>>> print(open('coords.pdb').read())   # PDB, C-alpha atoms and all ligand atoms
ATOM      1  CA  MET A  28       0.000   0.000   0.000
ATOM      2  CA  ILE A  29       2.260   2.799   1.256
ATOM      3  CA  GLY A  30       5.758   1.812   0.177
ATOM      4  CA  GLN A  31       7.641   4.811   1.530
ATOM      5  CA  ARG A  32       6.694   7.469   4.019
ATOM      6  CA  ASP A  33       8.549  10.330   5.625
ATOM      7  CA  THR A  34       7.635  13.331   7.783
ATOM      8  CA  VAL A  35       9.828  16.412   8.199
ATOM      9  CA  SER A  36       8.679  19.235  10.521
ATOM     10  CA  GLY A  37       5.012  18.557   9.798
ATOM     11  CA  ALA A  38       5.481  18.022   6.058
ATOM     12  CA  HIS A  39       4.347  14.566   4.986
ATOM     13  CA  PHE A  40       5.675  12.678   1.979
ATOM     14  CA  ALA A  41       4.334   9.288   0.873
ATOM     15  CA  PHE A  42       4.663   6.999  -2.136
ATOM     16  CA  THR A  43       2.451   4.002  -2.845
ATOM     17  CA  ASP A  44       3.415   0.594  -4.184
ATOM     18  CA  ARG A  45       1.075  -1.598  -6.242
ATOM     19  CA  TRP A  46      -0.399  -3.753  -3.455
ATOM     20  CA  GLY A  47      -3.434  -3.504  -1.209
ATOM     21  CA  GLY A  48      -6.097  -2.340  -3.667
ATOM     22  CA  VAL A  49      -9.042  -3.884  -5.496
ATOM     23  CA  SER A  50      -8.107  -3.507  -9.178
ATOM     24  CA  ALA A  51      -7.982  -6.604 -11.386
ATOM     25  CA  VAL A  52      -5.178  -7.690 -13.741
ATOM     26  CA  PRO A  53      -3.354  -5.885 -15.339
ATOM     27  CA  TYR A  54      -3.968  -3.027 -12.858
ATOM     28  CA  GLU A  55      -3.546  -5.161  -9.777
ATOM     29  CA  GLU A  56      -3.917  -4.121  -7.120
ATOM     30  CA  LEU A  57      -3.658  -0.479  -6.081
ATOM     31  CA  ASN A  58      -4.043   1.392  -9.362
ATOM     32  CA  LEU A  59      -4.637   5.065  -8.549
ATOM     33  CA  GLY A  60      -4.737   6.349 -12.133
ATOM     34  CA  GLY A  61      -8.098   7.274 -13.596
ATOM     35  CA  ALA A  62      -7.045   7.389 -17.243
ATOM     36  CA  VAL A  63      -5.439   4.009 -17.865
ATOM     37  CA  GLY A  64      -8.495   1.872 -18.715
ATOM     38  CA  ASP A  65      -9.210   0.527 -15.243
ATOM     39  CA  ASP A  66     -12.707   0.323 -13.731
ATOM     40  CA  PRO A  67     -13.481   3.810 -12.314
ATOM     41  CA  GLY A  68     -15.172   2.259  -9.284
ATOM     42  CA  ALA A  69     -12.034   0.303  -8.460
ATOM     43  CA  VAL A  70      -9.910   3.443  -8.798
ATOM     44  CA  ARG A  71     -12.245   5.341  -6.485
ATOM     45  CA  THR A  72     -12.051   2.547  -3.906
ATOM     46  CA  ASN A  73      -8.267   2.415  -4.213
ATOM     47  CA  ARG A  74      -7.972   6.169  -3.683
ATOM     48  CA  GLU A  75     -10.141   5.840  -0.569
ATOM     49  CA  LEU A  76      -8.042   2.945   0.732
ATOM     50  CA  ALA A  77      -4.784   4.821   0.162
ATOM     51  CA  ALA A  78      -6.124   7.975   1.830
ATOM     52  CA  LYS A  79      -7.356   5.976   4.815
ATOM     53  CA  SER A  80      -3.960   4.354   5.143
ATOM     54  CA  LEU A  81      -2.348   7.817   5.133
ATOM     55  CA  GLY A  82      -4.861   9.283   7.570
ATOM     56  CA  ILE A  83      -6.075  11.902   5.108
ATOM     57  CA  ASP A  84      -9.493  12.758   3.657
ATOM     58  CA  PRO A  85      -9.855  11.350   0.108
ATOM     59  CA  ALA A  86     -12.009  14.375  -0.759
ATOM     60  CA  ARG A  87      -9.083  16.672   0.146
ATOM     61  CA  VAL A  88      -6.632  15.253  -2.384
ATOM     62  CA  VAL A  89      -5.817  17.269  -5.513
ATOM     63  CA  TRP A  90      -5.096  15.138  -8.579
ATOM     64  CA  MET A  91      -3.762  16.402 -11.903
ATOM     65  CA  ASN A  92      -4.498  15.804 -15.556
ATOM     66  CA  GLN A  93      -0.840  15.216 -16.429
ATOM     67  CA  VAL A  94       0.331  15.929 -19.973
ATOM     68  CA  HIS A  95       4.163  15.888 -19.845
ATOM     69  CA  GLY A  96       4.313  19.685 -19.832
ATOM     70  CA  ALA A  97       5.689  22.290 -17.470
ATOM     71  CA  ASP A  98       2.541  24.199 -16.492
ATOM     72  CA  VAL A  99       1.824  24.710 -12.799
ATOM     73  CA  ALA A 100      -1.486  25.329 -11.046
ATOM     74  CA  VAL A 101      -1.719  27.051  -7.668
ATOM     75  CA  VAL A 102      -4.618  25.494  -5.755
ATOM     76  CA  ASP A 103      -6.312  26.145  -2.430
ATOM     77  CA  GLY A 104      -8.834  23.325  -2.515
ATOM     78  CA  PRO A 105      -9.944  20.278  -4.467
ATOM     79  CA  TRP A 106     -11.186  20.832  -8.010
ATOM     80  CA  GLY A 107     -14.969  21.337  -8.087
ATOM     81  CA  SER A 108     -16.829  18.058  -8.561
ATOM     82  CA  ALA A 109     -18.348  19.274 -11.829
ATOM     83  CA  GLY A 110     -15.204  21.032 -12.992
ATOM     84  CA  ARG A 111     -12.646  19.947 -15.484
ATOM     85  CA  ILE A 112      -9.255  19.020 -14.045
ATOM     86  CA  PRO A 113      -6.686  21.319 -15.685
ATOM     87  CA  ALA A 114      -3.877  19.883 -17.780
ATOM     88  CA  VAL A 115      -0.876  20.629 -15.596
ATOM     89  CA  ASP A 116       2.138  18.689 -14.395
ATOM     90  CA  ALA A 117       2.606  20.462 -11.091
ATOM     91  CA  VAL A 118       0.318  21.733  -8.373
ATOM     92  CA  VAL A 119       1.314  24.076  -5.572
ATOM     93  CA  THR A 120      -0.586  25.041  -2.459
ATOM     94  CA  ALA A 121      -0.240  27.199   0.621
ATOM     95  CA  ARG A 122      -3.228  25.460   2.204
ATOM     96  CA  ARG A 123      -2.257  23.274   5.141
ATOM     97  CA  GLY A 124      -4.086  19.944   5.245
ATOM     98  CA  LEU A 125      -4.660  19.876   1.497
ATOM     99  CA  ALA A 126      -2.927  16.874  -0.071
ATOM    100  CA  LEU A 127      -1.371  17.099  -3.532
ATOM    101  CA  ALA A 128      -0.976  13.915  -5.561
ATOM    102  CA  VAL A 129       1.073  12.920  -8.578
ATOM    103  CA  LEU A 130       0.553   9.752 -10.644
ATOM    104  CA  THR A 131       3.423   7.820 -12.206
ATOM    105  CA  ALA A 132       4.562   4.512 -13.656
ATOM    106  CA  ASP A 133       8.280   5.150 -14.436
ATOM    107  CA  CYS A 134       8.216   8.968 -14.535
ATOM    108  CA  VAL A 135       9.649  10.745 -11.506
ATOM    109  CA  PRO A 136       7.133  11.803  -8.844
ATOM    110  CA  VAL A 137       8.511  14.929  -7.152
ATOM    111  CA  LEU A 138       7.206  16.079  -3.777
ATOM    112  CA  LEU A 139       8.320  19.416  -2.312
ATOM    113  CA  ALA A 140       7.487  21.277   0.880
ATOM    114  CA  ASP A 141       8.696  24.290   2.811
ATOM    115  CA  PRO A 142       7.345  23.520   6.288
ATOM    116  CA  VAL A 143       8.144  27.023   7.575
ATOM    117  CA  ALA A 144       6.273  28.864   4.829
ATOM    118  CA  GLY A 145       3.577  26.196   4.711
ATOM    119  CA  VAL A 146       3.889  25.694   0.972
ATOM    120  CA  ALA A 147       3.833  22.315  -0.785
ATOM    121  CA  ALA A 148       4.092  21.095  -4.369
ATOM    122  CA  ALA A 149       3.742  17.882  -6.328
ATOM    123  CA  ALA A 150       5.202  17.523  -9.795
ATOM    124  CA  HIS A 151       5.227  14.912 -12.543
ATOM    125  CA  ALA A 152       8.636  14.787 -14.190
ATOM    126  CA  GLY A 153       8.993  12.374 -17.048
ATOM    127  CA  ARG A 154      11.687  12.900 -19.639
ATOM    128  CA  PRO A 155       9.788  15.689 -21.488
ATOM    129  CA  GLY A 156       8.741  17.438 -18.273
ATOM    130  CA  MET A 157      12.241  17.334 -16.838
ATOM    131  CA  VAL A 158      13.652  18.805 -20.055
ATOM    132  CA  LYS A 159      10.933  21.508 -20.108
ATOM    133  CA  GLY A 160      11.668  22.391 -16.485
ATOM    134  CA  VAL A 161       8.477  21.450 -14.673
ATOM    135  CA  VAL A 162      10.343  21.099 -11.377
ATOM    136  CA  PRO A 163      12.035  24.546 -11.504
ATOM    137  CA  ALA A 164       8.626  25.945 -12.489
ATOM    138  CA  ALA A 165       7.079  24.362  -9.405
ATOM    139  CA  VAL A 166       9.833  25.777  -7.183
ATOM    140  CA  ARG A 167       9.315  29.270  -8.652
ATOM    141  CA  ALA A 168       5.577  28.979  -7.948
ATOM    142  CA  MET A 169       6.380  27.954  -4.373
ATOM    143  CA  GLU A 170       8.688  30.977  -4.025
ATOM    144  CA  SER A 171       5.868  33.249  -5.183
ATOM    145  CA  LEU A 172       3.882  31.943  -2.189
ATOM    146  CA  GLY A 173       6.714  32.638   0.245
ATOM    147  CA  ALA A 174       8.780  29.470   0.103
ATOM    148  CA  ASP A 175      12.569  29.593   0.319
ATOM    149  CA  PRO A 176      14.492  26.950  -1.671
ATOM    150  CA  ALA A 177      16.963  26.647   1.218
ATOM    151  CA  ARG A 178      14.101  25.394   3.398
ATOM    152  CA  ILE A 179      12.421  23.183   0.797
ATOM    153  CA  VAL A 180      12.414  19.462   1.524
ATOM    154  CA  ALA A 181      12.385  17.383  -1.671
ATOM    155  CA  ARG A 182      11.550  13.716  -2.081
ATOM    156  CA  THR A 183      11.507  11.818  -5.366
ATOM    157  CA  GLY A 184       9.734   8.485  -5.506
ATOM    158  CA  PRO A 185      10.042   5.187  -7.356
ATOM    159  CA  ALA A 186      10.919   5.728 -11.030
ATOM    160  CA  VAL A 187      12.692   3.976 -13.876
ATOM    161  CA  CYS A 188      16.428   4.233 -13.256
ATOM    162  CA  GLY A 189      19.107   5.421 -15.640
ATOM    163  CA  ARG A 190      20.419   1.902 -16.159
ATOM    164  CA  CYS A 191      16.992   0.808 -17.486
ATOM    165  CA  TYR A 192      15.753   3.785 -19.485
ATOM    166  CA  GLU A 193      17.071   3.076 -22.973
ATOM    167  CA  VAL A 194      16.635   5.783 -25.616
ATOM    168  CA  PRO A 195      18.036   6.432 -29.100
ATOM    169  CA  ASP A 196      21.440   8.109 -29.106
ATOM    170  CA  ALA A 197      20.020  11.315 -30.620
ATOM    171  CA  MET A 198      17.430  11.550 -27.858
ATOM    172  CA  ARG A 199      20.058  11.121 -25.173
ATOM    173  CA  ALA A 200      22.080  13.911 -26.785
ATOM    174  CA  GLU A 201      19.037  16.174 -26.854
ATOM    175  CA  VAL A 202      18.188  15.484 -23.202
ATOM    176  CA  ALA A 203      21.798  15.888 -22.073
ATOM    177  CA  ALA A 204      22.045  19.209 -23.900
ATOM    178  CA  ALA A 205      19.207  20.445 -21.687
ATOM    179  CA  GLU A 206      20.377  18.656 -18.543
ATOM    180  CA  PRO A 207      23.861  17.074 -18.569
ATOM    181  CA  ALA A 208      23.228  15.124 -15.361
ATOM    182  CA  ALA A 209      20.616  13.034 -17.177
ATOM    183  CA  HIS A 210      23.178  11.504 -19.543
ATOM    184  CA  ALA A 211      23.262   7.767 -18.783
ATOM    185  CA  GLU A 212      23.984   4.314 -20.124
ATOM    186  CA  THR A 213      21.928   1.155 -19.708
ATOM    187  CA  SER A 214      23.274  -1.822 -17.815
ATOM    188  CA  TRP A 215      23.626  -3.466 -21.249
ATOM    189  CA  GLY A 216      25.745  -0.611 -22.599
ATOM    190  CA  THR A 217      23.362   1.425 -24.774
ATOM    191  CA  PRO A 218      22.325   5.114 -24.574
ATOM    192  CA  ALA A 219      19.994   5.955 -21.712
ATOM    193  CA  VAL A 220      18.651   8.875 -19.726
ATOM    194  CA  ASP A 221      18.429   9.252 -15.965
ATOM    195  CA  VAL A 222      15.471  11.564 -15.442
ATOM    196  CA  CYS A 223      15.739  11.455 -11.669
ATOM    197  CA  ALA A 224      19.389  12.528 -11.768
ATOM    198  CA  GLY A 225      18.293  15.413 -13.967
ATOM    199  CA  VAL A 226      15.592  16.445 -11.502
ATOM    200  CA  HIS A 227      18.015  16.373  -8.583
ATOM    201  CA  ALA A 228      20.584  18.416 -10.511
ATOM    202  CA  GLN A 229      17.896  21.024 -11.228
ATOM    203  CA  LEU A 230      16.878  21.129  -7.569
ATOM    204  CA  GLU A 231      20.492  21.421  -6.452
ATOM    205  CA  ARG A 232      21.080  24.396  -8.748
ATOM    206  CA  LEU A 233      17.965  26.052  -7.303
ATOM    207  CA  GLY A 234      19.423  25.720  -3.803
ATOM    208  CA  VAL A 235      17.242  22.832  -2.579
ATOM    209  CA  ARG A 236      19.607  20.948  -0.314
ATOM    210  CA  ASP A 237      17.388  18.515   1.604
ATOM    211  CA  ARG A 238      16.816  15.991  -1.147
ATOM    212  CA  GLN A 239      16.239  12.253  -1.023
ATOM    213  CA  GLN A 240      15.778   9.843  -3.875
ATOM    214  CA  SER A 241      13.885   6.550  -3.673
ATOM    215  CA  PRO A 242      16.180   3.574  -4.263
ATOM    216  CA  VAL A 243      13.377   1.774  -6.137
ATOM    217  CA  CYS A 244      13.543   1.338  -9.906
ATOM    218  CA  THR A 245       9.975   0.750 -11.103
ATOM    219  CA  ARG A 246      11.051  -1.265 -14.125
ATOM    220  CA  GLU A 247      13.066  -3.625 -11.942
ATOM    221  CA  SER A 248      10.561  -3.893  -9.082
ATOM    222  CA  ASP A 249       7.604  -6.287  -9.234
ATOM    223  CA  ASP A 250       6.051  -4.300  -6.401
ATOM    224  CA  HIS A 251       5.613  -1.222  -8.613
ATOM    225  CA  PHE A 252       3.845  -0.347 -11.856
ATOM    226  CA  SER A 253       6.134   0.195 -14.844
ATOM    227  CA  TYR A 254       4.881   1.506 -18.157
ATOM    228  CA  ARG A 255       8.081   0.647 -19.964
ATOM    229  CA  ARG A 256       7.937  -2.929 -18.708
ATOM    230  CA  ASP A 257       4.194  -3.649 -18.998
ATOM    231  CA  ARG A 258       2.654  -0.908 -21.215
ATOM    232  CA  THR A 259      -0.926  -1.483 -19.997
ATOM    233  CA  THR A 260      -0.627  -1.089 -16.259
ATOM    234  CA  GLY A 261      -1.666   0.946 -13.227
ATOM    235  CA  ARG A 262      -0.324   4.135 -11.716
ATOM    236  CA  LEU A 263       1.453   4.723  -8.427
ATOM    237  CA  ALA A 264       0.850   7.902  -6.466
ATOM    238  CA  GLY A 265       2.983  10.285  -4.477
ATOM    239  CA  TYR A 266       1.268  12.447  -1.847
ATOM    240  CA  VAL A 267       2.483  15.554  -0.037
ATOM    241  CA  TRP A 268       0.680  17.610   2.580
ATOM    242  CA  LEU A 269       1.411  19.887   5.521
ATOM    243  CA  ASP A 270      -0.039  19.718   9.033
TER     244      ASP A 270
HETATM  245 ZN    ZN B   1      16.357   0.154 -13.314
END
>>> encode(input="coords.pdb", output="structure tokens", more="lines below")
Ligand SMILES: [Zn+2]
Amino acid sequence: MIGQRDTVSGAHFAFTDRWGGVSAVPYEELNLGGAVGDDPGAVRTNRELAAKSLGIDPARVVWMNQVHGADVAVVDGPWGSAGRIPAVDAVVTARRGLALAVLTADCVPVLLADPVAGVAAAAHAGRPGMVKGVVPAAVRAMESLGADPARIVARTGPAVCGRCYEVPDAMRAEVAAAEPAAHAETSWGTPAVDVCAGVHAQLERLGVRDRQQSPVCTRESDDHFSYRRDRTTGRLAGYVWLD
């Protein structure tokens, strides 16, 4: 259910694994993604189960319509029940008790919080989003609400690692031109990108010092969903909120 959890000065960070939900194959068990072909009722139940396990209200979780971009939405409550969920890859809030969630299956889930300012952010950083700078955009939005990068706590969750994320040579060159730290090689010796290394390099340059990276590679872990491994599969979630 909750694979990793961490609390720093009242800022909570949590990442799910794939177990403990009600979804059937190939979304078994705890698929939290609403746009992957799973039964919507199962997804709703899974989101309730995950929230209960975290001790948060499932109605106070802000989800995104993620599109591999770099747009950020500042939110102070859940989207209206009738409203359309905006296409953004980061959400930022200054509302304590409001949980922000990011869905992934190989992309890097990025959770950020400045516990002093009471500002939190969740971002979805796949290869395109990392190159476009969704994480720096989220940090800038946090700063506009009073956050200080020196106080920001950053946690990145389970994601495909640089030794597994094979890409064509030209794509690696393009990614590395934007973010040199993402240049990687697979364990079998072919061009690769390390999106998480790129995200951490961006955060470091912004002055975010308290950073931790999940040791889990989704593609290598049977306890996590991996798009590159399974194609049709569920989505993991990362949650951040402030007391
Ligand atoms: Zn790996």
>>> atom_distance(input="coords.pdb", atom1="CA of Ala69 in chain A", atom2="CA of Val102 in chain A")
26.4 Å
>>> closest_residue(input="coords.pdb", among="A:Ala224, A:Cys188, A:Ala204, A:Val137", to="ligand ZN 1 (chain B)", atoms="all atoms listed in the file")
A:Cys188
>>> closest_residue(input="coords.pdb", among="A:Ala264, A:Ala186, A:Ala200, A:Met91", to="ligand ZN 1 (chain B)", atoms="all atoms listed in the file")
A:Ala186
>>> residues_near_ligand(input="coords.pdb", ligand="ligand ZN 1 (chain B)", cutoff="6 Å", atoms="all atoms listed in the file", output="PyMOL selection string")
chain A and resi 187-188+190-191+244+246-247
>>> closest_residue(input="coords.pdb", among="A:Asp196, A:Asp33, A:Asp66, A:Glu55", to="Thr260 in chain A", atoms="only C-alpha atoms")
A:Glu55
>>> closest_residue(input="coords.pdb", among="A:Ala205, A:Asp116, A:Ala97, A:Leu127", to="Asp84 in chain A", atoms="all atoms listed in the file")
A:Leu127
>>> closest_residue(input="coords.pdb", among="A:Met28, A:Ala78, A:Ala148, A:Val267", to="Gly47 in chain A", atoms="all atoms listed in the file")
A:Met28
>>> residues_around(input="coords.pdb", residues="Leu230 in chain A", least_positions_apart="5", cutoff="9 Å", atoms="all atoms listed in the file", output="list in words")
Val162, Pro163, Val166, Pro176, Ala181, Gly225, Val235, Arg236 and Arg238 of chain A
>>> closest_residue(input="coords.pdb", among="A:Ile83, A:His39, A:Leu172, A:Arg262", to="Asp103 in chain A", atoms="all atoms listed in the file")
A:Leu172
>>> resolve_selection(input="coords.pdb", expression="the PyMOL selection byres (((chain A and resi 89) around 6) and not hetatm)", output="PyMOL selection string")
chain A and resi 88+90+105+127-128
>>> write_last_selection(input="coords.pdb", atoms="C-alpha atoms", output="tab-separated table (two decimals), in the coordinates of the input")
chain	number	residue	atom	x	y	z
A	88	VAL	CA	-6.63	15.25	-2.38
A	90	TRP	CA	-5.10	15.14	-8.58
A	105	PRO	CA	-9.94	20.28	-4.47
A	127	LEU	CA	-1.37	17.10	-3.53
A	128	ALA	CA	-0.98	13.92	-5.56
>>> atom_distance(input="coords.pdb", atom1="CA of Val135 in chain A", atom2="CA of Thr43 in chain A")
13.1 Å
>>> atom_distance(input="coords.pdb", atom1="CA of Ser248 in chain A", atom2="CA of Ala219 in chain A")
18.6 Å
>>> resolve_selection(input="coords.pdb", expression="the PyMOL selection byres (((chain A and resi 227) around 12) and not hetatm)", output="PDB file with C-alpha atoms, in the coordinates of the input")
ATOM      1  CA  VAL A 135       9.649  10.745 -11.506  1.00  0.00           C
ATOM      2  CA  PRO A 136       7.133  11.803  -8.844  1.00  0.00           C
ATOM      3  CA  VAL A 137       8.511  14.929  -7.152  1.00  0.00           C
ATOM      4  CA  LEU A 138       7.206  16.079  -3.777  1.00  0.00           C
ATOM      5  CA  LEU A 139       8.320  19.416  -2.312  1.00  0.00           C
ATOM      6  CA  ALA A 152       8.636  14.787 -14.190  1.00  0.00           C
ATOM      7  CA  MET A 157      12.241  17.334 -16.838  1.00  0.00           C
ATOM      8  CA  GLY A 160      11.668  22.391 -16.485  1.00  0.00           C
ATOM      9  CA  VAL A 162      10.343  21.099 -11.377  1.00  0.00           C
ATOM     10  CA  PRO A 163      12.035  24.546 -11.504  1.00  0.00           C
ATOM     11  CA  VAL A 180      12.414  19.462   1.524  1.00  0.00           C
ATOM     12  CA  ALA A 181      12.385  17.383  -1.671  1.00  0.00           C
ATOM     13  CA  ARG A 182      11.550  13.716  -2.081  1.00  0.00           C
ATOM     14  CA  THR A 183      11.507  11.818  -5.366  1.00  0.00           C
ATOM     15  CA  GLY A 184       9.734   8.485  -5.506  1.00  0.00           C
ATOM     16  CA  GLU A 206      20.377  18.656 -18.543  1.00  0.00           C
ATOM     17  CA  PRO A 207      23.861  17.074 -18.569  1.00  0.00           C
ATOM     18  CA  ALA A 208      23.228  15.124 -15.361  1.00  0.00           C
ATOM     19  CA  ALA A 209      20.616  13.034 -17.177  1.00  0.00           C
ATOM     20  CA  ASP A 221      18.429   9.252 -15.965  1.00  0.00           C
ATOM     21  CA  VAL A 222      15.471  11.564 -15.442  1.00  0.00           C
ATOM     22  CA  CYS A 223      15.739  11.455 -11.669  1.00  0.00           C
ATOM     23  CA  ALA A 224      19.389  12.528 -11.768  1.00  0.00           C
ATOM     24  CA  GLY A 225      18.293  15.413 -13.967  1.00  0.00           C
ATOM     25  CA  VAL A 226      15.592  16.445 -11.502  1.00  0.00           C
ATOM     26  CA  ALA A 228      20.584  18.416 -10.511  1.00  0.00           C
ATOM     27  CA  GLN A 229      17.896  21.024 -11.228  1.00  0.00           C
ATOM     28  CA  LEU A 230      16.878  21.129  -7.569  1.00  0.00           C
ATOM     29  CA  GLU A 231      20.492  21.421  -6.452  1.00  0.00           C
ATOM     30  CA  ARG A 232      21.080  24.396  -8.748  1.00  0.00           C
ATOM     31  CA  LEU A 233      17.965  26.052  -7.303  1.00  0.00           C
ATOM     32  CA  GLY A 234      19.423  25.720  -3.803  1.00  0.00           C
ATOM     33  CA  VAL A 235      17.242  22.832  -2.579  1.00  0.00           C
ATOM     34  CA  ARG A 236      19.607  20.948  -0.314  1.00  0.00           C
ATOM     35  CA  ASP A 237      17.388  18.515   1.604  1.00  0.00           C
ATOM     36  CA  ARG A 238      16.816  15.991  -1.147  1.00  0.00           C
ATOM     37  CA  GLN A 239      16.239  12.253  -1.023  1.00  0.00           C
ATOM     38  CA  GLN A 240      15.778   9.843  -3.875  1.00  0.00           C
ATOM     39  CA  SER A 241      13.885   6.550  -3.673  1.00  0.00           C
TER      40      SER A 241
END
